[in-house]
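Engineer: Data: query.txt, compact mmCIF, C-alpha atoms (C1' of nucleotides).
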# COMPACT_ATOMS: atom_id res chain seq x y z
CA MET A 11 101.57 -62.36 -83.34
CA VAL A 12 99.06 -62.66 -80.55
CA VAL A 13 99.67 -65.63 -78.30
CA SER A 14 96.13 -66.26 -77.10
CA PRO A 15 92.77 -65.09 -78.46
CA GLU A 16 92.00 -62.31 -76.01
CA PRO A 17 88.52 -61.61 -74.76
CA SER A 18 86.99 -58.48 -76.25
CA ALA A 19 87.23 -55.14 -74.49
CA ASP A 20 83.47 -55.09 -73.94
CA TYR A 21 83.56 -58.50 -72.31
CA LEU A 22 86.34 -57.40 -69.97
CA ASP A 23 84.52 -54.17 -69.15
CA GLY A 24 81.57 -56.30 -68.09
CA LEU A 25 83.70 -58.76 -66.19
CA PHE A 26 85.60 -56.27 -64.08
CA GLY A 27 82.61 -53.98 -63.81
CA ALA A 28 80.64 -56.85 -62.33
CA LEU A 29 83.40 -57.45 -59.78
CA ALA A 30 83.54 -53.78 -58.82
CA ASP A 31 80.67 -54.03 -56.35
CA ALA A 32 80.81 -55.57 -52.90
CA THR A 33 77.27 -56.98 -53.05
CA ARG A 34 78.01 -58.69 -56.33
CA ARG A 35 81.32 -60.11 -55.08
CA ASP A 36 79.43 -61.46 -52.10
CA ILE A 37 76.75 -63.01 -54.29
CA LEU A 38 79.43 -64.50 -56.50
CA ALA A 39 81.25 -66.05 -53.54
CA ARG A 40 77.97 -67.52 -52.29
CA VAL A 41 76.99 -69.14 -55.54
CA MET A 42 80.52 -70.37 -56.15
CA ASP A 43 80.15 -72.17 -52.85
CA ALA A 44 76.68 -73.50 -53.55
CA GLU A 45 73.79 -72.79 -55.92
CA ALA A 46 71.08 -70.51 -54.65
CA SER A 47 67.77 -69.16 -55.90
CA VAL A 48 67.40 -65.45 -56.51
CA SER A 49 65.05 -65.07 -53.55
CA GLU A 50 67.38 -66.98 -51.27
CA LEU A 51 70.10 -64.53 -52.24
CA ALA A 52 67.79 -61.55 -51.93
CA ALA A 53 66.95 -62.53 -48.35
CA ARG A 54 70.56 -61.92 -47.33
CA TYR A 55 70.97 -58.32 -48.43
CA PRO A 56 69.51 -55.11 -47.05
CA MET A 57 67.91 -54.09 -50.32
CA SER A 58 64.87 -54.90 -52.41
CA PHE A 59 64.40 -58.14 -54.28
CA ALA A 60 64.53 -56.24 -57.55
CA ALA A 61 67.91 -54.72 -56.67
CA VAL A 62 69.40 -58.15 -56.00
CA GLN A 63 67.81 -59.40 -59.19
CA LYS A 64 69.64 -56.66 -61.08
CA HIS A 65 72.95 -57.56 -59.46
CA VAL A 66 72.46 -61.18 -60.48
CA ALA A 67 71.68 -59.99 -64.00
CA VAL A 68 74.95 -58.05 -64.11
CA LEU A 69 76.86 -61.13 -62.96
CA GLU A 70 75.03 -63.23 -65.52
CA GLN A 71 75.80 -60.77 -68.30
CA ALA A 72 79.46 -60.96 -67.28
CA GLN A 73 79.13 -64.75 -67.43
CA LEU A 74 80.40 -65.00 -63.88
CA VAL A 75 77.18 -66.75 -63.04
CA VAL A 76 74.72 -69.02 -64.78
CA LYS A 77 70.97 -69.23 -64.23
CA ARG A 78 69.03 -72.46 -64.59
CA ARG A 79 65.28 -72.62 -64.23
CA ASP A 80 64.05 -75.25 -61.79
CA GLY A 81 60.29 -75.24 -61.48
CA ARG A 82 59.21 -71.87 -60.28
CA THR A 83 62.58 -70.93 -58.88
CA GLN A 84 65.71 -69.90 -60.73
CA ARG A 85 68.94 -71.53 -59.57
CA VAL A 86 72.03 -69.33 -59.77
CA ALA A 87 75.41 -71.05 -60.00
CA GLY A 88 78.95 -69.68 -60.21
CA ASN A 89 81.01 -70.09 -63.36
CA PRO A 90 84.65 -70.67 -62.46
CA ASP A 91 85.74 -70.28 -66.08
CA ALA A 92 84.95 -66.57 -66.12
CA VAL A 93 86.85 -66.08 -62.89
CA ARG A 94 89.77 -67.86 -64.44
CA ARG A 95 89.62 -65.64 -67.50
CA ALA A 96 89.80 -62.52 -65.33
CA ASN A 97 92.67 -64.08 -63.48
CA ARG A 98 94.55 -64.71 -66.68
CA LEU A 99 94.32 -61.11 -67.79
CA LEU A 100 95.79 -59.94 -64.50
CA GLN A 101 98.57 -62.46 -64.86
CA GLN A 102 99.32 -60.96 -68.24
CA PHE A 103 99.80 -57.58 -66.64
CA GLU A 104 102.31 -59.20 -64.35
CA GLU A 105 103.94 -60.79 -67.37
CA ILE A 106 104.30 -57.40 -69.01
CA TRP A 107 105.82 -56.11 -65.80
CA ARG A 108 108.31 -58.93 -65.55
CA SER A 109 109.51 -58.78 -69.13
CA ARG A 110 109.40 -54.98 -69.59
CA VAL A 111 110.68 -55.25 -73.10
CA GLY A 112 109.34 -51.96 -74.36
CA GLY A 113 107.70 -51.65 -77.76
CA LEU A 114 104.49 -53.00 -76.35
CA ASP A 115 102.36 -51.63 -79.12
CA GLU A 116 101.88 -54.83 -81.07
CA LEU A 117 101.16 -56.83 -77.97
CA LEU A 118 98.51 -54.31 -77.10
CA SER A 119 96.08 -55.30 -79.81
CA THR A 120 95.04 -57.28 -76.74
CA SER A 121 93.38 -54.93 -74.26
CA ASN A 122 92.70 -52.89 -77.34
CA GLN A 123 90.63 -49.79 -76.97
CA GLY A 124 90.96 -48.28 -80.40
CA GLU A 125 88.53 -50.25 -82.54
CA MET B 21 89.27 -68.24 -39.27
CA VAL B 22 90.33 -65.89 -41.98
CA VAL B 23 93.56 -66.87 -43.66
CA SER B 24 94.72 -63.48 -44.89
CA PRO B 25 93.76 -59.93 -43.92
CA GLU B 26 91.46 -59.04 -46.78
CA PRO B 27 91.49 -55.68 -48.51
CA SER B 28 88.46 -53.55 -47.69
CA ALA B 29 85.38 -53.60 -49.86
CA ASP B 30 85.96 -49.99 -50.88
CA TYR B 31 89.49 -50.76 -51.97
CA LEU B 32 88.30 -53.67 -54.08
CA ASP B 33 85.51 -51.57 -55.57
CA GLY B 34 88.17 -49.13 -56.70
CA LEU B 35 90.51 -51.82 -57.92
CA PHE B 36 88.03 -53.66 -60.12
CA GLY B 37 86.27 -50.45 -61.09
CA ALA B 38 89.58 -49.12 -62.38
CA LEU B 39 90.07 -52.28 -64.43
CA ALA B 40 86.56 -52.05 -65.90
CA ASP B 41 87.54 -49.63 -68.63
CA ALA B 42 89.46 -50.48 -71.78
CA THR B 43 91.35 -47.19 -71.89
CA ARG B 44 92.52 -47.66 -68.32
CA ARG B 45 93.56 -51.27 -68.94
CA ASP B 46 95.53 -50.03 -71.91
CA ILE B 47 97.19 -47.29 -69.89
CA LEU B 48 97.99 -49.80 -67.16
CA ALA B 49 99.59 -52.20 -69.62
CA ARG B 50 101.68 -49.38 -71.07
CA VAL B 51 103.03 -48.15 -67.75
CA MET B 52 103.62 -51.69 -66.53
CA ASP B 53 105.85 -52.05 -69.55
CA ALA B 54 107.58 -48.70 -69.12
CA GLU B 55 107.03 -45.44 -67.27
CA ALA B 56 105.34 -42.66 -69.19
CA SER B 57 104.35 -39.07 -68.57
CA VAL B 58 100.69 -38.12 -68.54
CA SER B 59 101.04 -36.19 -71.78
CA GLU B 60 102.86 -39.07 -73.47
CA LEU B 61 99.93 -41.25 -72.50
CA ALA B 62 97.37 -38.64 -73.53
CA ALA B 63 98.90 -38.47 -77.00
CA ARG B 64 97.89 -42.09 -77.66
CA TYR B 65 94.17 -41.85 -77.03
CA PRO B 66 91.42 -40.19 -79.02
CA MET B 67 90.26 -38.02 -76.15
CA SER B 68 91.24 -34.85 -74.35
CA PHE B 69 94.26 -34.53 -72.11
CA ALA B 70 91.98 -33.94 -69.15
CA ALA B 71 90.09 -37.17 -69.82
CA VAL B 72 93.31 -39.20 -69.80
CA GLN B 73 94.38 -37.33 -66.70
CA LYS B 74 91.19 -38.48 -65.00
CA HIS B 75 91.77 -42.08 -66.06
CA VAL B 76 95.27 -41.95 -64.60
CA ALA B 77 93.80 -40.51 -61.40
CA VAL B 78 91.39 -43.45 -61.17
CA LEU B 79 94.26 -45.89 -61.62
CA GLU B 80 96.27 -44.02 -59.03
CA GLN B 81 93.40 -44.04 -56.55
CA ALA B 82 93.16 -47.79 -57.06
CA GLN B 83 96.90 -47.96 -56.42
CA LEU B 84 97.40 -49.74 -59.70
CA VAL B 85 99.71 -46.94 -60.70
CA VAL B 86 102.11 -44.55 -58.98
CA LYS B 87 102.93 -40.99 -59.96
CA ARG B 88 106.33 -39.42 -59.39
CA ARG B 89 107.11 -35.82 -60.20
CA ASP B 90 110.17 -35.29 -62.36
CA GLY B 91 110.76 -31.65 -63.16
CA ARG B 92 107.70 -30.33 -64.89
CA THR B 93 106.49 -33.73 -66.04
CA GLN B 94 104.80 -36.42 -64.02
CA ARG B 95 106.05 -39.96 -64.49
CA VAL B 96 103.43 -42.70 -64.21
CA ALA B 97 104.58 -46.20 -63.31
CA GLY B 98 102.68 -49.45 -62.83
CA ASN B 99 102.38 -51.07 -59.43
CA PRO B 100 102.50 -54.86 -59.77
CA ASP B 101 101.51 -55.36 -56.13
CA ALA B 102 97.99 -54.08 -56.70
CA VAL B 103 97.62 -56.36 -59.71
CA ARG B 104 98.74 -59.22 -57.56
CA ARG B 105 96.20 -58.35 -54.89
CA ALA B 106 93.39 -58.42 -57.44
CA ASN B 107 94.72 -61.71 -58.68
CA ARG B 108 94.64 -63.17 -55.22
CA LEU B 109 91.01 -62.31 -54.67
CA LEU B 110 90.05 -64.08 -57.88
CA GLN B 111 92.07 -67.08 -56.84
CA GLN B 112 90.06 -67.14 -53.64
CA PHE B 113 86.86 -67.38 -55.64
CA GLU B 114 88.35 -70.40 -57.34
CA GLU B 115 89.30 -71.80 -53.94
CA ILE B 116 85.72 -71.45 -52.80
CA TRP B 117 84.61 -73.19 -55.96
CA ARG B 118 87.02 -76.08 -55.51
CA SER B 119 86.22 -76.73 -51.88
CA ARG B 120 82.46 -76.04 -51.99
CA VAL B 121 82.06 -76.82 -48.34
CA GLY B 122 78.84 -74.94 -47.80
CA GLY B 123 78.33 -72.79 -44.72
CA LEU B 124 80.36 -70.04 -46.26
CA ASP B 125 78.98 -67.36 -43.99
CA GLU B 126 81.94 -67.04 -41.68
CA LEU B 127 84.45 -67.03 -44.49
CA LEU B 128 82.47 -64.22 -46.05
CA SER B 129 83.49 -61.60 -43.56
CA THR B 130 85.98 -61.27 -46.42
CA SER B 131 84.22 -59.67 -49.37
CA ASN B 132 82.00 -58.26 -46.72
CA GLN B 133 79.37 -55.81 -47.81
CA GLY B 134 77.49 -55.30 -44.59
CA GLU B 135 79.70 -52.88 -42.65
C1' DA C 20 39.75 -72.17 -59.96
C1' DG C 21 42.08 -69.47 -56.59
C1' DG C 22 45.91 -68.09 -53.76
C1' DA C 23 50.61 -67.79 -52.54
C1' DC C 24 55.38 -67.74 -54.15
C1' DT C 25 59.18 -66.64 -57.35
C1' DT C 26 60.60 -64.20 -60.98
C1' DA C 27 60.59 -60.54 -64.63
C1' DC C 28 60.38 -56.04 -65.99
C1' DA C 29 59.02 -51.14 -66.53
C1' DA C 30 59.15 -46.48 -64.74
C1' DC C 31 61.25 -43.47 -62.00
C1' DC C 32 64.95 -41.05 -59.20
C1' DA C 33 69.62 -39.65 -57.29
C1' DT C 34 74.36 -40.28 -57.80
C1' DT C 35 78.42 -41.55 -60.30
C1' DT C 36 81.04 -41.78 -64.47
C1' DG C 37 83.33 -40.39 -68.63
C1' DG C 38 83.73 -36.99 -71.39
C1' DT C 39 84.18 -31.85 -72.64
C1' DT C 40 86.15 -26.82 -72.32
C1' DG C 41 88.34 -23.22 -69.86
C1' DT C 42 91.38 -21.33 -66.45
C1' DA C 43 95.48 -21.27 -63.52
C1' DC C 44 100.03 -22.34 -62.10
C1' DG C 45 104.82 -24.13 -61.59
C1' DA C 46 108.95 -25.38 -64.36
C1' DT C 47 111.82 -24.75 -68.32
C1' DA C 48 113.62 -22.31 -72.50
C1' DG C 49 114.86 -18.08 -74.96
C1' DC D 14 110.99 -11.31 -68.19
C1' DT D 15 108.09 -13.68 -71.22
C1' DA D 16 106.48 -17.49 -73.59
C1' DT D 17 105.58 -22.23 -73.61
C1' DC D 18 104.98 -26.83 -71.85
C1' DG D 19 103.01 -30.19 -68.65
C1' DT D 20 99.86 -30.53 -65.24
C1' DA D 21 95.92 -29.64 -62.20
C1' DC D 22 91.38 -28.59 -61.45
C1' DA D 23 86.66 -26.53 -61.75
C1' DA D 24 82.26 -26.35 -64.14
C1' DC D 25 79.39 -28.44 -66.97
C1' DC D 26 76.78 -32.23 -69.57
C1' DA D 27 74.96 -36.82 -71.13
C1' DA D 28 74.75 -41.44 -70.12
C1' DA D 29 75.26 -45.27 -67.01
C1' DT D 30 74.56 -47.18 -62.33
C1' DG D 31 72.23 -48.61 -58.20
C1' DG D 32 68.48 -48.17 -55.93
C1' DT D 33 63.20 -47.82 -55.41
C1' DT D 34 58.00 -49.19 -56.22
C1' DG D 35 54.46 -51.23 -58.88
C1' DT D 36 52.56 -54.49 -62.16
C1' DA D 37 52.29 -58.89 -64.53
C1' DA D 38 53.06 -63.58 -65.38
C1' DG D 39 54.31 -68.51 -64.59
C1' DT D 40 54.36 -72.39 -61.13
C1' DC D 41 52.89 -74.99 -57.29
C1' DC D 42 49.41 -76.28 -53.76
C1' DT D 43 44.74 -77.09 -52.19
Can you dump the structure from the file as structure tokens?
Structural biologist:
Amino acid sequence: MVVSPEPSADYLDGLFGALADATRRDILARVMDAEASVSELAARYPMSFAAVQKHVAVLEQAQLVVKRRDGRTQRVAGNPDAVRRANRLLQQFEEIWRSRVGGLDELLSTSNQGE
Amino acid sequence: MVVSPEPSADYLDGLFGALADATRRDILARVMDAEASVSELAARYPMSFAAVQKHVAVLEQAQLVVKRRDGRTQRVAGNPDAVRRANRLLQQFEEIWRSRVGGLDELLSTSNQGE
DNA sequence: AGGACTTACAACCATTTGGTTGTACGATAG
DNA sequence: CTATCGTACAACCAAATGGTTGTAAGTCCT
């Protein structure tokens, strides 16, 4: 019996993959603090506009960030729910550690990789 | 003023990168529950021994896992501290969200990407 | 209408990643 | 001593990633 409906493996791949880049973590922190347009963000990093645009797209795909069109600009805002979801998965690893019951196999339909 | 000495960008890249793969998350969950040898782990996944070995190496590099030689086998054990560190970073993103002070720039020496 | 600004997206390139097979080597069992 | 088991590691390959430049299109201003 699975206690909570776990996010899919693909979703988690995207989530942690998105967090596995310093530029993207920085962008995420910025837009969690306050919305910003893509060009405002791009101005802060030593790379092309298109590169930053791609990073934002990765964050958006991972649902860590939401885009909202506002006239000719695109406002990027952080999505705390996705952060919380990532957090919860890590807490589950700690849970597993603390309980250490053995016979994990049923529980592991969770971070399932065999489907 | 930075509250806690933040892990380096490279370390975090490795940490989240290691978590961005379903097989590795599964391995991590297993060894958090109970130690296992590399070959015991390899037996559970539909891929070569060498592939699993590489996944374990990635987890080890990220310090999510520790290897300990025992005779001819190699015992792999989970490291809850690394999980906790990842957890803390995510909690900081939520902190940023909750406070939303603006003028984040100083705080962002943290997930720094420009060094 | 025309020009500047913001975004989107395609094409391309180098590097990394995730997998394979094959070889080698130390530790254990006969 | 020899065979086998568990591990390590190199070489190789295809696909994904992170970057680039260039082109096009929508929006705002005059």
Engineer: Could you please give me, as a PyMOL selection string, the residues of protein, DNA or RNA lying at most 10 Å from (84.8, -63.2, -65.4) in the coordinate frame of the file, considering only C-alpha atoms (C1' of nucleotides)?
Structural biologist: (chain A and resi 21-29+69-75+89-98) or (chain B and resi 110)
Engineer: So what do you get for CA of Met42 (chain A) versus CA of Arg45 (chain B), distance-wise?
Structural biologist: 26.4 Å
Engineer: For region 33-46 of chain C, list every protein, DNA or RNA residue within 12 Å, evaluated using only C-alpha atoms (C1' of nucleotides), and leave out those in the same chain fewer than 2 positions away; present the list as a PyMOL selection string.
Structural biologist: (chain B and resi 37-38+40-41+43-44+66-75+78+89-94) or (chain C and resi 31+48) or (chain D and resi 17-33)
Engineer: Can you measure CA of Arg78 (chain A) to CA of Asp20 (chain A) for me? One decimal in Å is fine.
Structural biologist: 24.4 Å
Engineer: So the first atom is C1' of DC24 (chain C) and the second is CA of Ala67 (chain A); what is the distance between them in Å, to one decimal place?
Structural biologist: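 According to the coordinates, C1' of DC24 (chain C) and CA of Ala67 (chain A) are separated by 20.6 Å.
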Engineer: Counting all atoms listed in the file, which residue out of B:Val121, B:Val86, B:Val96, B:Ile116 sits closest to Ser59 (chain B)?
Structural biologist: B:Val96
Engineer: Against chain A, which residues of chain C fall within 12 Å? For each one I want the closest pair of atoms and the distance in Å (one decimal), counting only C-alpha atoms (C1' of nucleotides), rows by chain and increasing residue number, as a tab-separated table.
Structural biologist:
residue	atom	partner	partner_atom	distance
C:DC24	C1'	A:Arg82	CA	8.3
C:DT25	C1'	A:Thr83	CA	5.7
C:DT26	C1'	A:Thr83	CA	7.3
C:DA27	C1'	A:Gln63	CA	9.1
C:DC28	C1'	A:Ala60	CA	9.4
C:DA29	C1'	A:Ala60	CA	11.7
Engineer: Under the rule that only C-alpha atoms are counted, which of B:Arg95, B:Arg64, B:Lys87, B:Arg120 is the nearest residue to chain A?
Structural biologist: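 Among the listed residues, the smallest separation from chain A belongs to B:Arg120.
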Engineer: Pick the closest to chain B from A:Ile37, A:Ser18, A:Trp107, A:Ala87: which is it, counting all atoms listed in the file?
Structural biologist: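 Checking each of A:Ile37, A:Ser18, A:Trp107, A:Ala87 against chain B, counting all atoms listed in the file, the winner is A:Trp107.
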Engineer: Between B:Ala29, B:Ala62, B:Leu48, B:Ala42, which is the closest to chain D once you count all atoms listed in the file?
Structural biologist: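 Ranked by minimum distance to chain D, first place goes to B:Ala62.
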